[in-house]
$ cat my_file39.cif   # mmCIF, C-alpha atoms and all ligand atoms
data_final
loop_
_atom_site.label_atom_id
_atom_site.label_comp_id
_atom_site.auth_asym_id
_atom_site.auth_seq_id
_atom_site.Cartn_x
_atom_site.Cartn_y
_atom_site.Cartn_z
CA MET A 1 0.00 0.00 0.00
CA ASN A 2 2.78 2.37 0.92
CA THR A 3 4.95 0.69 -1.77
CA ASP A 4 7.94 0.09 0.52
CA GLY A 5 8.14 -3.58 -0.57
CA LYS A 6 7.00 -4.97 2.78
CA VAL A 7 3.56 -5.99 3.99
CA ASP A 8 3.20 -4.75 7.54
CA ALA A 9 1.22 -2.51 9.87
CA ASP A 10 2.33 0.61 7.95
CA ASP A 11 0.32 -0.68 5.00
CA LEU A 12 -2.75 -0.99 7.20
CA THR A 13 -2.35 2.63 8.24
CA ALA A 14 -1.87 3.71 4.61
CA MET A 15 -5.00 1.90 3.49
CA LEU A 16 -7.04 3.22 6.37
CA CYS A 17 -5.98 6.80 5.51
CA TYR A 18 -6.87 6.18 1.87
CA LEU A 19 -10.31 4.82 2.72
CA VAL A 20 -11.06 7.72 5.06
CA THR A 21 -9.61 10.61 3.07
CA GLN A 22 -9.48 9.11 -0.48
CA ASN A 23 -6.55 11.40 -1.27
CA GLN A 24 -3.59 9.36 -0.12
CA GLN A 25 -1.19 7.89 -2.70
CA ILE A 26 -1.62 4.14 -2.61
CA GLY A 27 -0.14 1.19 -4.54
CA GLU A 28 -2.27 -0.63 -7.14
CA THR A 29 -1.79 -3.87 -5.21
CA ALA A 30 -4.18 -2.42 -2.62
CA ASP A 31 -7.01 -4.04 -4.57
CA LEU A 32 -6.36 -7.35 -2.81
CA ASN A 33 -9.48 -9.16 -4.04
CA ASN A 34 -9.10 -7.78 -7.62
CA ASP A 35 -12.66 -6.40 -7.79
CA GLN A 36 -11.44 -3.04 -9.22
CA GLN A 37 -12.34 -1.26 -6.01
CA ILE A 38 -10.30 -0.43 -2.98
CA ASN A 39 -12.60 -0.68 -0.03
CA ALA A 40 -13.16 -2.21 3.41
CA ARG A 41 -13.00 -5.74 1.99
CA ASP A 42 -9.42 -5.13 0.93
CA LEU A 43 -8.67 -3.67 4.36
CA SER A 44 -9.95 -6.83 5.97
CA LEU A 45 -7.89 -9.05 3.63
CA LEU A 46 -4.79 -7.00 4.38
CA LYS A 47 -5.33 -7.37 8.09
CA GLN A 48 -5.58 -11.17 7.71
CA LYS A 49 -2.38 -11.23 5.65
CA ILE A 50 -0.44 -9.28 8.25
CA MET A 51 -1.71 -11.40 11.13
CA ALA A 52 -0.81 -14.62 9.30
CA ALA A 53 2.70 -13.28 8.60
CA ALA A 54 3.15 -12.35 12.26
CA LYS A 55 2.04 -15.83 13.31
CA THR A 56 4.49 -17.51 10.94
CA ALA A 57 7.35 -15.34 12.23
CA GLU A 58 6.43 -16.26 15.80
CA GLN A 59 6.32 -19.98 14.96
CA GLN A 60 9.72 -19.79 13.27
CA GLN A 61 11.16 -18.10 16.33
CA THR A 62 9.71 -20.74 18.69
CA ALA A 63 11.01 -23.55 16.47
CA ALA A 64 14.48 -22.01 16.53
CA GLN A 65 14.41 -21.82 20.33
CA GLU A 66 13.32 -25.45 20.59
CA GLN A 67 16.23 -26.77 18.53
CA PRO A 68 17.86 -29.46 20.68
CA GLN A 69 21.44 -28.92 21.70
CA GLN A 70 23.24 -31.39 19.50
CA GLN A 71 25.90 -33.25 21.38
CA GLU A 72 29.07 -33.39 19.37
CA GLN A 73 29.95 -36.84 20.58
CA GLN A 74 32.64 -37.71 18.24
CA PRO A 75 33.93 -40.81 16.99
CA VAL A 76 37.47 -41.54 17.49
CA GLN A 77 39.68 -42.61 20.32
CA LEU A 78 42.33 -40.20 21.47
CA ALA A 79 45.83 -41.31 22.42
CA ALA A 80 46.05 -44.43 24.59
CA GLY A 81 42.42 -45.33 23.90
CA GLN A 82 40.97 -42.33 25.71
CA TRP A 83 37.28 -41.87 24.95
CA TYR A 84 36.56 -38.65 23.12
CA ASN A 85 33.98 -37.00 25.35
CA THR A 86 32.51 -33.64 24.38
CA ALA A 87 29.26 -34.00 26.33
CA ASN A 88 27.73 -30.68 27.34
CA THR A 89 27.25 -30.62 31.10
CA SER A 90 26.43 -26.94 31.60
CA TRP A 91 22.72 -27.72 32.13
CA ILE A 92 23.40 -29.89 35.21
CA ASN A 93 24.00 -26.84 37.38
CA GLY A 94 25.77 -28.31 40.40
CA ARG A 95 23.24 -31.07 41.08
CA LYS A 96 24.06 -34.65 42.11
CA VAL A 97 24.00 -36.97 39.11
CA VAL A 98 22.96 -40.51 38.28
CA ALA A 99 23.29 -42.21 34.88
CA ILE A 100 20.16 -44.34 34.54
CA SER A 101 20.66 -46.40 31.39
CA PHE A 102 18.23 -48.45 29.33
CA ASP A 103 19.00 -51.64 27.41
CA ASP A 104 17.36 -53.79 24.75
CA GLY A 105 15.59 -51.19 22.61
CA PRO A 106 14.32 -50.10 20.24
CA VAL A 107 10.86 -51.43 21.06
CA THR A 108 7.50 -51.44 19.32
CA GLY A 109 5.35 -50.79 22.43
CA THR A 110 4.92 -47.56 24.35
CA SER A 111 7.37 -48.22 27.20
CA ALA A 112 10.24 -46.43 25.43
CA SER A 113 8.28 -43.29 24.59
CA ARG A 114 6.93 -43.16 28.18
CA ILE A 115 10.52 -43.28 29.46
CA GLN A 116 11.71 -40.65 26.97
CA ASP A 117 8.81 -38.35 27.86
CA ALA A 118 9.28 -38.74 31.64
CA LEU A 119 12.97 -37.78 31.27
CA THR A 120 12.28 -34.85 28.96
CA LYS A 121 9.59 -33.51 31.28
CA GLN A 122 12.29 -32.86 33.90
CA GLY A 123 14.94 -31.82 31.36
CA PHE A 124 16.87 -35.06 32.08
CA HIS A 125 19.01 -37.17 29.74
CA ALA A 126 19.84 -40.89 29.73
CA THR A 127 21.90 -43.42 27.80
CA PHE A 128 20.10 -46.00 25.62
CA PHE A 129 22.00 -49.14 24.62
CA TYR A 130 20.42 -50.40 21.39
CA TRP A 131 20.22 -54.05 20.28
CA GLY A 132 21.17 -53.83 16.60
CA SER A 133 19.19 -56.70 15.06
CA LYS A 134 15.97 -55.43 16.69
CA ILE A 135 16.14 -52.19 14.70
CA ASN A 136 13.65 -51.99 11.84
CA SER A 137 11.92 -49.32 9.79
CA GLY A 138 9.02 -49.32 12.25
CA ASN A 139 11.08 -48.49 15.34
CA GLU A 140 14.26 -46.78 14.19
CA ASN A 141 12.68 -43.37 14.64
CA GLU A 142 12.91 -43.94 18.40
CA ILE A 143 16.69 -43.75 18.00
CA ARG A 144 16.54 -40.47 16.08
CA GLU A 145 14.18 -39.12 18.72
CA ALA A 146 16.61 -40.10 21.50
CA GLU A 147 19.43 -38.26 19.75
CA LYS A 148 17.23 -35.22 19.15
CA ARG A 149 16.33 -35.02 22.83
CA GLY A 150 20.01 -34.94 23.86
CA PHE A 151 20.04 -38.54 25.08
CA GLU A 152 23.06 -40.74 24.45
CA VAL A 153 22.68 -43.40 21.77
CA ALA A 154 24.85 -46.41 22.57
CA ASN A 155 25.62 -49.99 21.50
CA HIS A 156 24.31 -53.26 22.99
CA THR A 157 25.73 -55.56 20.22
CA TRP A 158 23.94 -56.92 17.16
CA THR A 159 22.48 -60.28 18.34
CA HIS A 160 22.85 -59.91 22.14
CA PRO A 161 25.19 -62.87 22.73
CA LYS A 162 27.40 -63.54 25.72
CA LEU A 163 30.51 -62.02 24.16
CA THR A 164 32.73 -64.07 26.47
CA GLU A 165 31.61 -67.19 24.57
CA LYS A 166 32.49 -65.77 21.14
CA ASP A 167 35.72 -65.62 19.15
CA ASN A 168 37.60 -62.38 18.46
CA ASN A 169 36.11 -61.77 15.01
CA THR A 170 32.57 -62.29 16.24
CA ILE A 171 33.09 -59.99 19.23
CA LEU A 172 34.28 -57.20 16.93
CA SER A 173 31.55 -57.72 14.32
CA GLU A 174 28.85 -57.73 17.05
CA TYR A 175 30.07 -54.24 17.95
CA ASN A 176 30.65 -53.00 14.39
CA GLN A 177 27.35 -54.10 12.89
CA THR A 178 25.39 -52.11 15.45
CA LYS A 179 27.80 -49.19 15.21
CA ASP A 180 27.31 -49.04 11.42
CA LYS A 181 23.53 -49.29 11.75
CA LEU A 182 23.37 -46.47 14.32
CA ASN A 183 25.67 -44.33 12.19
CA SER A 184 23.47 -44.80 9.12
CA ILE A 185 20.30 -43.97 11.05
CA LEU A 186 21.80 -40.85 12.61
CA GLY A 187 23.85 -39.81 9.58
CA VAL A 188 27.07 -39.60 11.59
CA ASN A 189 30.38 -41.42 11.85
CA ARG A 190 31.33 -42.23 15.42
CA ASP A 191 31.97 -44.95 17.95
CA TYR A 192 29.53 -45.79 20.75
CA LEU A 193 29.79 -46.86 24.37
CA LEU A 194 29.05 -50.59 24.70
CA ARG A 195 26.95 -52.38 27.27
CA PRO A 196 27.96 -56.05 27.07
CA PRO A 197 24.87 -58.31 27.12
CA TYR A 198 24.49 -60.04 30.51
CA LEU A 199 27.31 -57.70 31.66
CA ALA A 200 29.64 -60.51 30.54
CA VAL A 201 33.21 -59.32 30.07
CA ASP A 202 36.64 -60.95 30.02
CA ASP A 203 40.10 -59.95 28.80
CA LYS A 204 39.31 -61.04 25.24
CA VAL A 205 36.24 -58.77 25.14
CA LYS A 206 38.22 -55.88 26.66
CA ASN A 207 40.92 -56.27 24.00
CA MET A 208 38.57 -56.46 21.05
CA ILE A 209 36.00 -53.73 21.76
CA PRO A 210 37.19 -50.28 20.61
CA SER A 211 35.17 -48.33 23.17
CA PRO A 212 34.57 -48.19 26.96
CA LEU A 213 32.41 -50.97 28.44
CA ILE A 214 29.58 -49.75 30.65
CA ASN A 215 28.20 -52.16 33.22
CA CYS A 216 26.41 -50.87 36.32
CA GLY A 217 26.71 -50.12 40.01
CA ILE A 218 22.99 -50.54 40.67
CA ASP A 219 20.87 -53.17 38.93
CA SER A 220 17.16 -52.29 38.99
CA GLY A 221 16.33 -56.00 38.61
CA ASP A 222 13.58 -55.23 36.10
CA TRP A 223 14.82 -58.13 33.93
CA ASN A 224 14.34 -60.38 36.97
CA LYS A 225 10.69 -59.42 37.62
CA ALA A 226 11.30 -56.58 40.06
CA THR A 227 8.06 -54.64 40.57
CA THR A 228 7.71 -50.93 39.91
CA GLN A 229 7.66 -50.26 43.66
CA GLN A 230 10.77 -52.40 44.25
CA MET A 231 12.67 -50.42 41.61
CA ILE A 232 11.57 -47.12 43.11
CA ASP A 233 12.50 -48.28 46.63
CA LYS A 234 15.96 -49.35 45.50
CA ILE A 235 16.79 -46.00 43.87
CA GLN A 236 15.29 -43.94 46.70
CA ALA A 237 17.20 -45.97 49.30
CA ALA A 238 20.46 -45.33 47.42
CA ALA A 239 19.68 -41.60 47.22
CA ASN A 240 18.86 -41.52 50.93
CA ASN A 241 22.02 -43.33 52.05
CA GLY A 242 24.30 -41.33 49.75
CA THR A 243 25.33 -44.08 47.32
CA LEU A 244 23.37 -42.94 44.24
CA ASN A 245 25.51 -39.96 43.23
CA GLY A 246 27.83 -41.00 40.37
CA GLN A 247 26.24 -44.40 39.79
CA VAL A 248 25.36 -46.14 36.57
CA VAL A 249 21.92 -47.75 36.99
CA LEU A 250 20.81 -50.66 34.79
CA MET A 251 17.25 -50.70 33.49
CA HIS A 252 15.52 -51.99 30.35
CA GLU A 253 13.25 -49.90 28.15
CA THR A 254 11.22 -53.00 27.26
CA TYR A 255 9.08 -53.21 30.41
CA ASP A 256 5.99 -51.20 31.31
CA THR A 257 6.91 -51.74 34.99
CA THR A 258 10.19 -49.91 34.30
CA ALA A 259 8.43 -47.07 32.47
CA ALA A 260 6.10 -46.66 35.47
CA ALA A 261 9.07 -46.55 37.86
CA VAL A 262 10.84 -43.94 35.72
CA GLU A 263 7.68 -41.81 35.59
CA GLN A 264 7.68 -41.66 39.39
CA LEU A 265 11.44 -41.44 39.89
CA CYS A 266 12.03 -38.49 37.55
CA PRO A 267 10.06 -35.92 39.58
CA TRP A 268 11.23 -37.45 42.89
CA LEU A 269 14.91 -37.21 41.89
CA ALA A 270 14.40 -33.66 40.62
CA GLU A 271 12.93 -32.67 44.00
CA HIS A 272 15.84 -34.30 45.81
CA GLY A 273 18.59 -32.38 43.99
CA TYR A 274 19.48 -34.96 41.35
CA ALA A 275 19.81 -34.78 37.59
CA ILE A 276 19.52 -37.97 35.51
CA VAL A 277 22.31 -37.68 32.94
CA THR A 278 23.96 -39.74 30.21
CA VAL A 279 26.98 -41.88 31.03
CA SER A 280 29.24 -39.56 29.03
CA GLU A 281 27.78 -36.50 30.75
CA MET A 282 28.34 -38.05 34.19
CA PHE A 283 32.00 -38.74 33.50
CA LYS A 284 32.60 -35.33 31.95
CA TYR A 285 30.84 -33.62 34.86
CA ASN A 286 33.08 -35.47 37.33
CA ASN A 287 36.24 -34.78 35.29
CA LYS A 288 36.83 -38.49 34.75
CA ASP A 289 38.11 -39.92 31.49
CA MET A 290 36.94 -43.23 30.05
CA PHE A 291 39.21 -45.56 28.10
CA LYS A 292 38.66 -48.24 25.50
CA GLY A 293 38.32 -51.74 26.93
CA ASN A 294 37.86 -50.57 30.55
CA VAL A 295 34.73 -51.56 32.46
CA TYR A 296 32.83 -48.82 34.33
CA ASN A 297 30.14 -49.30 36.96
CA ASN A 298 30.17 -45.73 38.30
CA CYS A 299 32.47 -42.74 38.28
CA PHE A 300 33.50 -42.69 41.93
ZN ZN B 401 20.33 -56.73 27.11
#

$ encode --input "my_file39.cif" --output "structure tokens"
Amino acid sequence: MNTDGKVDADDLTAMLCYLVTQNQQIGETADLNNDQQINARDLSLLKQKIMAAAKTAEQQQTAAQEQPQQQEQQPVQLAAGQWYNTANTSWINGRKVVAISFDDGPVTGTSASRIQDALTKQGFHATFFYWGSKINSGNENEIREAEKRGFEVANHTWTHPKLTEKDNNTILSEYNQTKDKLNSILGVNRDYLLRPPYLAVDDKVKNMIPSPLINCGIDSGDWNKATTQQMIDKIQAAANNGTLNGQVVLMHETYDTTAAAVEQLCPWLAEHGYAIVTVSEMFKYNNKDMFKGNVYNNCF
């Protein structure tokens, strides 16, 4: 309307002046509905246009603010097998930390999304050890979603064998097949922390696996039919007696009982000064390095 090349509130003013006084210079594009007249209908259309543009701008701004902080967990080992850890820990803000970790996904049921949502609701992160051969086109989006939410994607082998019963080549290919699958899903090239199935480790496994091995200091027992309340009691008891801070906790994302426990534990831990963090975040936060082939149950 005022021919400055933008459609904004100034154009509304210009059109209003024109309609009232009929002597204001106004652009030909003011006839928005092309009916050869410039009148109140065009004013109304202009108002709708400007409001829609404002809404789009607002949505773009919100989307930009909601962009997840991408962790630059990078691939390679540093000298002497040191794990390259660039986890961002600034969000933890001096709280006590526990790395609750979840095995055996991805899953097709709702337990995994319940766990992800309960964590996100408190701003928490966790590490998910994925079972490679379970990944399919119907559930692989769970892995992308985990990455997007700032969780740590990790490796739980391809076929979930007892690695201690396998030969060297099989041990390495169990790790590599899942690594390659995760890399292709996430469009990255990196190594991943490994949780050995059944926590089974020996010197052969330690020599063959090119990343740190993450077992646990606290086993929730969900795999052994622990109830939701038993899992909650175990974690709360550890928090109350001072042994939870710095622990790796073992859980499985495959059970609804576990999802229910996590839904109750997240707000409880938040109230009691804890942050649930990824394994890499917990080590970074405590200034502890991890090394290839070493087994970690906590970062004491
Ligand atoms: Zn497992």

$ closest_atom_pairs --input "my_file39.cif" --of "chain A" --to "ligand ZN 401 (chain B)" --cutoff "9 Å" --atoms "only C-alpha atoms and all ligand atoms" --output "CSV"
residue,atom,partner,partner_atom,distance
A:Phe102,CA,B:ZN401,ZN,8.8
A:Asp103,CA,B:ZN401,ZN,5.3
A:Asp104,CA,B:ZN401,ZN,4.8
A:Gly105,CA,B:ZN401,ZN,8.6
A:Phe129,CA,B:ZN401,ZN,8.2
A:Tyr130,CA,B:ZN401,ZN,8.5
A:Trp131,CA,B:ZN401,ZN,7.3
A:His156,CA,B:ZN401,ZN,6.7
A:Thr157,CA,B:ZN401,ZN,8.8
A:His160,CA,B:ZN401,ZN,6.4
A:Pro161,CA,B:ZN401,ZN,9.0
A:Arg195,CA,B:ZN401,ZN,7.9
A:Pro196,CA,B:ZN401,ZN,7.7
A:Pro197,CA,B:ZN401,ZN,4.8
A:Tyr198,CA,B:ZN401,ZN,6.3
A:Leu199,CA,B:ZN401,ZN,8.4
A:Trp223,CA,B:ZN401,ZN,8.9
A:His252,CA,B:ZN401,ZN,7.5

$ atom_distance --input "my_file39.cif" --atom1 "CA of Asn139 in chain A" --atom2 "CA of Thr110 in chain A"
11.0 Å

$ atom_distance --input "my_file39.cif" --atom1 "CA of Met251 in chain A" --atom2 "CA of Ser220 in chain A"
5.7 Å

$ closest_residue --input "my_file39.cif" --among "A:Ser137, A:Ser280, A:Gln264, A:Asn189" --to "Leu119 in chain A" --atoms "only C-alpha atoms"
A:Gln264

$ residues_around --input "my_file39.cif" --residues "Ala226 in chain A" --least-positions-apart "6" --cutoff "12 Å" --atoms "all atoms listed in the file" --output "VMD selection string"
chain A and resid 219 to 220 232 to 234 251 to 252 255 to 258 261

$ write_last_selection --input "my_file39.cif" --atoms "C-alpha atoms" --output "short mmCIF file (atom, residue, chain, number, x, y, z; two decimals), in the frame of the given file"
data_model
loop_
_atom_site.label_atom_id
_atom_site.label_comp_id
_atom_site.auth_asym_id
_atom_site.auth_seq_id
_atom_site.Cartn_x
_atom_site.Cartn_y
_atom_site.Cartn_z
CA ASP A 219 20.87 -53.17 38.93
CA SER A 220 17.16 -52.29 38.99
CA ILE A 232 11.57 -47.12 43.11
CA ASP A 233 12.50 -48.28 46.63
CA LYS A 234 15.96 -49.35 45.50
CA MET A 251 17.25 -50.70 33.49
CA HIS A 252 15.52 -51.99 30.35
CA TYR A 255 9.08 -53.21 30.41
CA ASP A 256 5.99 -51.20 31.31
CA THR A 257 6.91 -51.74 34.99
CA THR A 258 10.19 -49.91 34.30
CA ALA A 261 9.07 -46.55 37.86
#

$ atom_distance --input "my_file39.cif" --atom1 "CA of Thr227 in chain A" --atom2 "CA of Gln122 in chain A"
23.2 Å

$ closest_residue --input "my_file39.cif" --among "A:Gly187, A:Glu263, A:Pro212, A:Leu78" --to "Gln116 in chain A" --atoms "all atoms listed in the file"
A:Glu263

$ residues_around --input "my_file39.cif" --residues "Thr108 in chain A" --least-positions-apart "6" --cutoff "10 Å" --atoms "only C-alpha atoms" --output "VMD selection string"
chain A and resid 134 to 136 138 to 140 142 254

$ residues_around --input "my_file39.cif" --residues "Phe300 in chain A" --least-positions-apart "4" --cutoff "10 Å" --atoms "all atoms listed in the file" --output "MDAnalysis selection string"
chainID A and resid 243 245:247 283 286 288 296

$ write_last_selection --input "my_file39.cif" --atoms "C-alpha atoms" --output "short mmCIF file (atom, residue, chain, number, x, y, z; two decimals), in the frame of the given file"
data_model
loop_
_atom_site.label_atom_id
_atom_site.label_comp_id
_atom_site.auth_asym_id
_atom_site.auth_seq_id
_atom_site.Cartn_x
_atom_site.Cartn_y
_atom_site.Cartn_z
CA THR A 243 25.33 -44.08 47.32
CA ASN A 245 25.51 -39.96 43.23
CA GLY A 246 27.83 -41.00 40.37
CA GLN A 247 26.24 -44.40 39.79
CA PHE A 283 32.00 -38.74 33.50
CA ASN A 286 33.08 -35.47 37.33
CA LYS A 288 36.83 -38.49 34.75
CA TYR A 296 32.83 -48.82 34.33
#

$ closest_residue --input "my_file39.cif" --among "A:Leu186, A:Lys225, A:Asn155, A:Met208" --to "Thr170 in chain A" --atoms "all atoms listed in the file"
A:Met208

$ residues_around --input "my_file39.cif" --residues "range 81-83 of chain A" --least-positions-apart "2" --cutoff "8 Å" --atoms "all atoms listed in the file" --output "PDB file with C-alpha atoms, in the frame of the given file"
ATOM      1  CA  VAL A  76      37.470 -41.540  17.490  1.00  0.00           C
ATOM      2  CA  GLN A  77      39.680 -42.610  20.320  1.00  0.00           C
ATOM      3  CA  LEU A  78      42.330 -40.200  21.470  1.00  0.00           C
ATOM      4  CA  ALA A  79      45.830 -41.310  22.420  1.00  0.00           C
ATOM      5  CA  ASN A  85      33.980 -37.000  25.350  1.00  0.00           C
ATOM      6  CA  PRO A 210      37.190 -50.280  20.610  1.00  0.00           C
ATOM      7  CA  SER A 211      35.170 -48.330  23.170  1.00  0.00           C
ATOM      8  CA  PRO A 212      34.570 -48.190  26.960  1.00  0.00           C
ATOM      9  CA  ASP A 289      38.110 -39.920  31.490  1.00  0.00           C
ATOM     10  CA  MET A 290      36.940 -43.230  30.050  1.00  0.00           C
ATOM     11  CA  PHE A 291      39.210 -45.560  28.100  1.00  0.00           C
ATOM     12  CA  LYS A 292      38.660 -48.240  25.500  1.00  0.00           C
TER      13      LYS A 292
END

$ closest_residue --input "my_file39.cif" --among "A:Gln229, A:Gln236, A:Ser184, A:Thr178" --to "Ala270 in chain A" --atoms "only C-alpha atoms"
A:Gln236

$ decode --input "my_file39.cif" --residues "range 135-161 of chain A" --atoms "C-alpha atoms" --output "compact mmCIF listing (two decimals), in the first residue's frame"
# COMPACT_ATOMS: atom_id res chain seq x y z
CA ILE A 135 16.14 -52.19 14.70
CA ASN A 136 13.65 -51.99 11.84
CA SER A 137 11.92 -49.32 9.79
CA GLY A 138 9.02 -49.32 12.25
CA ASN A 139 11.08 -48.49 15.34
CA GLU A 140 14.26 -46.78 14.19
CA ASN A 141 12.68 -43.37 14.64
CA GLU A 142 12.91 -43.94 18.40
CA ILE A 143 16.69 -43.75 18.00
CA ARG A 144 16.54 -40.47 16.08
CA GLU A 145 14.18 -39.12 18.72
CA ALA A 146 16.61 -40.10 21.50
CA GLU A 147 19.43 -38.26 19.75
CA LYS A 148 17.23 -35.22 19.15
CA ARG A 149 16.33 -35.02 22.83
CA GLY A 150 20.01 -34.94 23.86
CA PHE A 151 20.04 -38.54 25.08
CA GLU A 152 23.06 -40.74 24.45
CA VAL A 153 22.68 -43.40 21.77
CA ALA A 154 24.85 -46.41 22.57
CA ASN A 155 25.62 -49.99 21.50
CA HIS A 156 24.31 -53.26 22.99
CA THR A 157 25.73 -55.56 20.22
CA TRP A 158 23.94 -56.92 17.16
CA THR A 159 22.48 -60.28 18.34
CA HIS A 160 22.85 -59.91 22.14
CA PRO A 161 25.19 -62.87 22.73
